[in-house]
Structures are given as structure tokens and as C-alpha cells.
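So this one's final36.pdb, PDB, C-alpha atoms:
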MODEL        1
ATOM      1  CA  LEU R  80       0.000   0.000   0.000
ATOM      2  CA  ARG R  81       2.864   2.345   0.792
ATOM      3  CA  ARG R  82       4.351   1.695  -2.666
ATOM      4  CA  PHE R  83       0.923   2.173  -4.268
ATOM      5  CA  ASN R  84       0.608   5.621  -2.669
ATOM      6  CA  GLU R  85       4.207   6.476  -3.485
ATOM      7  CA  ILE R  86       3.777   5.708  -7.208
ATOM      8  CA  GLN R  87       0.518   7.644  -7.322
ATOM      9  CA  LEU R  88       2.170  10.704  -5.717
ATOM     10  CA  TRP R  89       5.240  10.302  -7.938
ATOM     11  CA  VAL R  90       3.047  10.736 -11.039
ATOM     12  CA  VAL R  91       1.410  13.871  -9.608
ATOM     13  CA  THR R  92       4.754  15.276  -8.391
ATOM     14  CA  GLU R  93       6.501  14.792 -11.744
ATOM     15  CA  VAL R  94       3.668  16.460 -13.675
ATOM     16  CA  CYS R  95       3.311  19.357 -11.220
ATOM     17  CA  LEU R  96       7.067  20.046 -11.194
ATOM     18  CA  CYS R  97       7.234  20.212 -14.996
ATOM     19  CA  SER R  98       6.965  23.874 -15.991
ATOM     20  CA  ALA R  99       7.059  23.511 -19.799
ATOM     21  CA  LEU R 100       3.700  22.674 -21.373
ATOM     22  CA  SER R 101       5.172  20.547 -24.189
ATOM     23  CA  LYS R 102       7.198  18.526 -21.665
ATOM     24  CA  ARG R 103       4.102  18.028 -19.486
ATOM     25  CA  VAL R 104       2.279  16.609 -22.511
ATOM     26  CA  GLN R 105       5.244  14.252 -23.076
ATOM     27  CA  LEU R 106       5.078  13.244 -19.397
ATOM     28  CA  LEU R 107       1.367  12.401 -19.675
ATOM     29  CA  LYS R 108       2.152  10.275 -22.751
ATOM     30  CA  LYS R 109       5.012   8.569 -20.903
ATOM     31  CA  PHE R 110       2.870   7.770 -17.856
ATOM     32  CA  ILE R 111       0.055   6.396 -20.039
ATOM     33  CA  LYS R 112       2.634   4.205 -21.837
ATOM     34  CA  ILE R 113       4.064   3.019 -18.498
ATOM     35  CA  ALA R 114       0.526   2.206 -17.312
ATOM     36  CA  ALA R 115      -0.039   0.216 -20.525
ATOM     37  CA  HIS R 116       3.177  -1.741 -19.888
ATOM     38  CA  CYS R 117       2.139  -2.425 -16.285
ATOM     39  CA  LYS R 118      -1.216  -3.732 -17.533
ATOM     40  CA  GLU R 119       0.512  -5.894 -20.164
ATOM     41  CA  PHE R 120       2.800  -7.382 -17.502
ATOM     42  CA  ARG R 121      -0.259  -7.915 -15.239
ATOM     43  CA  ASN R 122       1.059  -5.501 -12.604
ATOM     44  CA  LEU R 123      -2.392  -4.128 -11.859
ATOM     45  CA  ASN R 124      -1.315  -2.500  -8.606
ATOM     46  CA  SER R 125       1.146  -0.165 -10.365
ATOM     47  CA  PHE R 126      -1.253   0.254 -13.294
ATOM     48  CA  PHE R 127      -3.965   1.532 -10.944
ATOM     49  CA  SER R 128      -1.595   3.775  -9.002
ATOM     50  CA  ILE R 129      -0.395   5.491 -12.200
ATOM     51  CA  ILE R 130      -3.932   5.989 -13.535
ATOM     52  CA  MET R 131      -5.075   7.281 -10.135
ATOM     53  CA  GLY R 132      -2.107   9.673 -10.121
ATOM     54  CA  LEU R 133      -3.179  11.020 -13.520
ATOM     55  CA  GLY R 134      -6.711  11.369 -12.141
ATOM     56  CA  ASN R 135      -5.541  13.397  -9.133
ATOM     57  CA  PRO R 136      -7.186  16.863  -9.174
ATOM     58  CA  ALA R 137      -3.781  18.584  -9.381
ATOM     59  CA  VAL R 138      -3.176  16.788 -12.706
ATOM     60  CA  SER R 139      -6.688  16.371 -14.112
ATOM     61  CA  ARG R 140      -7.359  20.139 -13.880
ATOM     62  CA  LEU R 141      -4.448  20.935 -16.253
ATOM     63  CA  SER R 142      -6.799  21.422 -19.220
ATOM     64  CA  GLN R 143      -4.186  23.019 -21.524
ATOM     65  CA  THR R 144      -1.943  19.988 -21.007
ATOM     66  CA  TRP R 145      -4.710  17.431 -21.579
ATOM     67  CA  GLU R 146      -5.964  19.335 -24.670
ATOM     68  CA  LYS R 147      -2.575  18.905 -26.349
ATOM     69  CA  LEU R 148      -2.442  15.155 -25.623
ATOM     70  CA  PRO R 149      -2.848  13.177 -28.870
ATOM     71  CA  SER R 150      -6.293  11.561 -29.223
ATOM     72  CA  LYS R 151      -4.764   8.057 -29.276
ATOM     73  CA  PHE R 152      -3.464   8.614 -25.734
ATOM     74  CA  LYS R 153      -6.745  10.164 -24.597
ATOM     75  CA  LYS R 154      -8.483   7.020 -25.862
ATOM     76  CA  PHE R 155      -6.075   4.729 -23.967
ATOM     77  CA  TYR R 156      -6.499   6.792 -20.816
ATOM     78  CA  GLY R 157     -10.296   6.642 -21.148
ATOM     79  CA  GLU R 158     -10.170   2.851 -21.473
ATOM     80  CA  PHE R 159      -7.884   2.616 -18.448
ATOM     81  CA  GLU R 160     -10.231   4.808 -16.416
ATOM     82  CA  ASN R 161     -13.153   2.527 -17.358
ATOM     83  CA  LEU R 162     -11.238  -0.429 -15.924
ATOM     84  CA  MET R 163     -11.011   1.470 -12.634
ATOM     85  CA  ASP R 164     -14.759   2.164 -12.492
ATOM     86  CA  PRO R 165     -15.810   1.373  -8.893
ATOM     87  CA  SER R 166     -19.457   0.735  -9.795
ATOM     88  CA  ARG R 167     -20.980  -2.673  -9.059
ATOM     89  CA  ASN R 168     -18.143  -3.459  -6.641
ATOM     90  CA  HIS R 169     -15.376  -2.873  -9.218
ATOM     91  CA  ARG R 170     -17.024  -5.262 -11.689
ATOM     92  CA  ALA R 171     -14.909  -4.154 -14.709
ATOM     93  CA  TYR R 172     -11.674  -4.824 -12.812
ATOM     94  CA  ARG R 173     -12.861  -8.139 -11.351
ATOM     95  CA  LEU R 174     -13.948  -9.421 -14.777
ATOM     96  CA  THR R 175     -10.578  -8.441 -16.270
ATOM     97  CA  VAL R 176      -8.603 -10.176 -13.508
ATOM     98  CA  ALA R 177     -10.717 -13.327 -13.866
ATOM     99  CA  LYS R 178      -9.493 -13.641 -17.487
ATOM    100  CA  LEU R 179      -5.788 -13.235 -16.661
ATOM    101  CA  ASP R 180      -3.250 -15.985 -16.159
ATOM    102  CA  PRO R 181      -0.841 -15.752 -13.234
ATOM    103  CA  PRO R 182       1.482 -14.267 -12.190
ATOM    104  CA  ILE R 183      -0.610 -11.195 -11.414
ATOM    105  CA  ILE R 184       0.119  -8.317  -9.072
ATOM    106  CA  PRO R 185      -3.457  -7.475  -8.071
ATOM    107  CA  PHE R 186      -4.911  -4.126  -7.066
ATOM    108  CA  MET R 187      -4.012  -4.494  -3.377
ATOM    109  CA  PRO R 188      -6.222  -1.755  -1.879
ATOM    110  CA  LEU R 189      -9.280  -3.563  -3.236
ATOM    111  CA  LEU R 190      -8.223  -6.935  -1.787
ATOM    112  CA  ILE R 191      -7.600  -5.290   1.580
ATOM    113  CA  LYS R 192     -10.982  -3.545   1.355
ATOM    114  CA  ASP R 193     -12.637  -6.916   0.615
ATOM    115  CA  MET R 194     -10.965  -8.506   3.640
ATOM    116  CA  THR R 195     -11.835  -5.569   5.904
ATOM    117  CA  PHE R 196     -15.492  -5.466   4.858
ATOM    118  CA  THR R 197     -15.816  -9.225   5.220
ATOM    119  CA  HIS R 198     -14.201  -9.198   8.659
ATOM    120  CA  GLU R 199     -15.930  -6.135  10.087
ATOM    121  CA  GLY R 200     -19.289  -6.658   8.391
ATOM    122  CA  ASN R 201     -19.805 -10.221   9.607
ATOM    123  CA  LYS R 202     -19.700 -11.762  13.045
ATOM    124  CA  THR R 203     -17.115 -14.498  13.558
ATOM    125  CA  PHE R 204     -19.486 -16.392  15.834
ATOM    126  CA  ILE R 205     -23.255 -16.670  15.587
ATOM    127  CA  ASP R 206     -24.968 -18.297  18.590
ATOM    128  CA  SER R 207     -21.563 -19.587  19.772
ATOM    129  CA  LEU R 208     -21.017 -21.311  16.392
ATOM    130  CA  VAL R 209     -18.336 -20.369  13.850
ATOM    131  CA  ASN R 210     -19.763 -18.275  11.010
ATOM    132  CA  PHE R 211     -18.600 -20.454   8.115
ATOM    133  CA  GLU R 212     -20.030 -18.064   5.504
ATOM    134  CA  LYS R 213     -17.617 -15.371   6.757
ATOM    135  CA  MET R 214     -14.741 -17.875   6.693
ATOM    136  CA  ARG R 215     -15.654 -18.860   3.112
ATOM    137  CA  MET R 216     -15.588 -15.205   2.002
ATOM    138  CA  ILE R 217     -12.183 -14.642   3.624
ATOM    139  CA  ALA R 218     -10.894 -17.898   2.115
ATOM    140  CA  ASN R 219     -12.064 -16.748  -1.314
ATOM    141  CA  THR R 220     -10.003 -13.551  -1.063
ATOM    142  CA  VAL R 221      -6.976 -15.550   0.114
ATOM    143  CA  ARG R 222      -7.545 -17.965  -2.799
ATOM    144  CA  ILE R 223      -7.415 -15.024  -5.238
ATOM    145  CA  MET R 224      -4.076 -13.937  -3.733
ATOM    146  CA  ARG R 225      -2.683 -17.464  -3.959
ATOM    147  CA  TYR R 226      -3.842 -17.756  -7.571
ATOM    148  CA  CYS R 227      -2.121 -14.460  -8.453
ATOM    149  CA  ARG R 228       1.126 -15.814  -6.985
ATOM    150  CA  SER R 229       0.808 -19.375  -8.276
ATOM    151  CA  GLN R 230       3.297 -18.901 -11.127
ATOM    152  CA  PRO R 231       6.758 -17.322 -11.016
ATOM    153  CA  PHE R 232       7.319 -14.167 -13.033
ATOM    154  CA  SER R 233       9.108 -15.060 -16.254
ATOM    155  CA  LYS R 234      10.480 -12.143 -18.211
ATOM    156  CA  SER R 235      10.891 -14.163 -21.413
ATOM    157  CA  LYS R 236       7.163 -14.990 -21.699
ATOM    158  CA  THR R 237       5.913 -11.419 -21.628
ATOM    159  CA  SER R 238       8.853  -9.260 -22.670
ATOM    160  CA  HIS R 239       9.076  -7.758 -26.135
ATOM    161  CA  GLU R 240      11.994  -5.603 -25.055
ATOM    162  CA  ALA R 241      14.671  -4.615 -27.557
ATOM    163  CA  PRO R 242      18.277  -5.318 -26.466
ATOM    164  CA  GLN R 243      19.198  -1.607 -26.380
ATOM    165  CA  ALA R 244      16.316  -0.906 -23.970
ATOM    166  CA  THR R 245      18.280  -2.466 -21.099
ATOM    167  CA  LYS R 246      21.404  -0.274 -21.400
ATOM    168  CA  ASN R 247      20.252   2.090 -18.647
ATOM    169  CA  HIS R 248      18.782  -0.743 -16.597
ATOM    170  CA  GLN R 249      20.765   0.036 -13.442
ATOM    171  CA  ASP R 250      19.988   3.761 -13.629
ATOM    172  CA  VAL R 251      16.274   3.052 -13.981
ATOM    173  CA  ARG R 252      16.325   0.586 -11.078
ATOM    174  CA  SER R 253      18.066   2.998  -8.721
ATOM    175  CA  TYR R 254      15.700   5.798  -9.803
ATOM    176  CA  ILE R 255      12.485   3.840  -9.140
ATOM    177  CA  ARG R 256      13.789   2.575  -5.815
ATOM    178  CA  GLN R 257      14.363   6.134  -4.580
ATOM    179  CA  ILE R 258      11.601   8.192  -6.161
ATOM    180  CA  SER R 259      10.983  11.448  -4.353
ATOM    181  CA  VAL R 260       7.434  12.686  -4.013
ATOM    182  CA  ILE R 261       5.531  15.643  -2.625
ATOM    183  CA  ASP R 262       3.186  14.066  -0.087
ATOM    184  CA  ASN R 263       0.938  17.096   0.370
ATOM    185  CA  GLN R 264      -2.171  17.652  -1.746
ATOM    186  CA  ARG R 265      -2.314  21.382  -0.961
ATOM    187  CA  THR R 266       1.270  21.884  -2.181
ATOM    188  CA  LEU R 267       0.553  19.853  -5.323
ATOM    189  CA  SER R 268      -2.585  21.932  -5.980
ATOM    190  CA  GLN R 269      -0.622  25.170  -5.554
ATOM    191  CA  LEU R 270       2.023  23.961  -8.013
ATOM    192  CA  SER R 271      -0.730  22.954 -10.429
ATOM    193  CA  HIS R 272      -2.361  26.396 -10.222
ATOM    194  CA  LYS R 273       1.015  28.067 -10.894
ATOM    195  CA  LEU R 274       1.407  25.963 -14.043
ATOM    196  CA  GLU R 275      -2.081  26.706 -15.344
ATOM    197  CA  PRO R 276      -3.909  29.456 -13.427
ATOM    198  CA  ARG R 277      -7.669  29.086 -13.204
ATOM    199  CA  ARG R 278      -9.366  30.610 -16.238
ATOM    200  CA  THR R 279     -11.738  33.464 -15.434
TER     201      THR R 279
ENDMDL
END

Spell out the structure here as C-alpha cells.
Amino acid sequence: LRRFNEIQLWVVTEVCLCSALSKRVQLLKKFIKIAAHCKEFRNLNSFFSIIMGLGNPAVSRLSQTWEKLPSKFKKFYGEFENLMDPSRNHRAYRLTVAKLDPPIIPFMPLLIKDMTFTHEGNKTFIDSLVNFEKMRMIANTVRIMRYCRSQPFSKSKTSHEAPQATKNHQDVRSYIRQISVIDNQRTLSQLSHKLEPRRT
């Protein structure tokens, strides 16, 4: 969860610290591409955190930036947002995950929410007897986690990476392990308003 929040804030921070409009548009494109790669590699946790970062008010309000985004990327982003639709208990996401083969890195906040609601919304004992329906629901969530982890991650199966793409591998690794973020929504909003003041 900490990493989920960190990636989400990283997206917002990078966009809000980018003063040039053309570079901000490039950043949006880059983050949408990264989200697409995460989805392709079945890393749904990072996929969601990037899309949620792009949906943060400090980023979504940057209308001049979004207007200049090519329509192809707007279309991808729209599709990604649809996958995050929380209606009907995240039905779109759950249907997508059900079709995927492991390994999968699931959207962890939703699994934790499922466990919390199951635990807090149902008594463990009813008339001094174990509530097996509650235990079945918890077991089902655990089963989903086990399924997601049932296969090892194999780079060769899913990677379409060109050999030259790995030349900065170490630099990229050290960068993503130490990303710095602004963990304050008010500060991010202020930066956003400096980039694109509210139109009157």
C-alpha cells in the first residue's frame, strides 16, 4: 500500500514540477505508456496507481496539457479509467482479472478492502457457532491472492523488449527505488495552479 501511494504521488509530483507545457504533454504520454506496460505485464497494482495519479485533481485540472495530448493517448487513458470504475463493486476490474493468467500483481487496496469489509461486516461467531459463511468469504479472497502468486514471473514470456532498452537498466532501477514525491495535496494543488492558473 505504501508503494501504491508512493507511485501515485510520484506521477502527480513529476507532472506538477514540470513547468514547460510541451514537456508536461510528453510526461502524460510517458505515464500512459508506463501504465499500458504495467497492464501488459499484469502488474495491476502499479497500473492503478499510475492511472489514479493522472486522475488526481492537481493533474486532471491541467486542461491546456490534456488538450494537447494526442487523441490516441486520450483514448487509452479513457479505457484505463473505465477499468477502474468502482461501480458494481469494481465489476470491470474483477472481470478483467478473472481472465488473466498468473502471475498477477493485483490491485491491493481492493483486496484489503474486501478482507476488511468481510471481517468487520460479519460476526465471527453466531450463537456460539463459527460463522462459516464469513470464513468462506475470507478464504475466497486468500484464494485469489494465492492464484495471483501461483506462477513465477518469467520475463521471457511477456517481454518484447529490444536489447538496447536495457542499457540504462541500473539507472532506472536505482531511480524507481528512490523516487521522491511531494506528499501534500495542498502543495501539489498550488504547483498545479502556478502551471495553469484558473481561467476566469

Residues returned when the PyMOL selection byres ((chain R and resi 156) around 12) runs on this file, as a PyMOL selection string: chain R and resi 107-115+126-127+129-134+139+145+148-155+157-163

Practice problem: Considering all atoms listed in the file, return as a list in words whatever protein or nucleic-acid residues lie within 7 Å of segment 119-125 of chain R, sequence-local ones (same chain, fewer than 5 positions apart) excluded. | Solution: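 Those residues are Phe83, Ile183, Ile184, Pro185, Phe186, Met187 and Thr237 of chain R.
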
Best match for closeness to Arg103 of chain R among R:Asp164, R:Glu275, R:Asn135, R:Arg81, counting only C-alpha atoms =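 Looking at the shortest contact to Arg103 of chain R, the residue is R:Glu275.
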
- Name every residue that the PyMOL selection byres ((chain R and resi 227) around 10) selects in this structure, writing the answer as JSON, numbers by chain with chains first and numbers rising. {"R": [121, 176, 179, 180, 181, 182, 183, 184, 185, 221, 222, 223, 224, 225, 226, 228, 229, 230, 231]}

Residues selected by the PyMOL selection byres ((chain R and resi 198) around 12), written as a PyMOL selection string
chain R and resi 191-197+199-204+210+212-218+220

Q: For atom CA of His248 of chain R and atom CA of Val138 of chain R, determine how far apart the two atoms are, in Å to one decimal place.
A: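 Going from atom CA of His248 of chain R over to atom CA of Val138 of chain R, I get 28.4 Å.
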
With all atoms listed in the file counted, which protein, DNA or RNA residues have an atom no more than 10 Å from (-1.3, 19.9, -4.2) in the file frame? Please answer as a list in words. Leu88, Val91, Thr92, Cys95, Asn135, Pro136, Ala137, Val138, Ile261, Asp262, Asn263, Gln264, Arg265, Thr266, Leu267, Ser268, Gln269, Leu270, Ser271 and His272 of chain R

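Take the candidates R:Tyr172, R:Val90, R:Gln249, R:Gln257 and check each one against Ser128 of chain R using only C-alpha atoms; the shortest distance goes to R:Val90.
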
Find the residues with any atom within 8 Å of (7.7, 27.6, -14.9); use all atoms listed in the file and the coordinates as given in the file, and write the answer as a list in words.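 Applying the cut-off with all atoms listed in the file, one gets Cys97, Ser98, Ala99, Lys273 and Leu274 of chain R.
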
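Across the model, the gap from atom CA of Lys102 of chain R to atom CA of Glu146 of chain R is 13.5 Å.
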
Atom pair atom CA of Thr175 of chain R + atom CA of His116 of chain R, distance 15.7 Å

Taking all listed atoms of segment 173-188 of chain R, build the axis-aligned box, pad each of the six sides by 8 Å, then write its centre and edge lengths in Å to one decimal as lines of an AutoDock Vina configuration file.
center_x = -6.2
center_y = -8.9
center_z = -9.7
size_x = 31.4
size_y = 30.2
size_z = 31.6
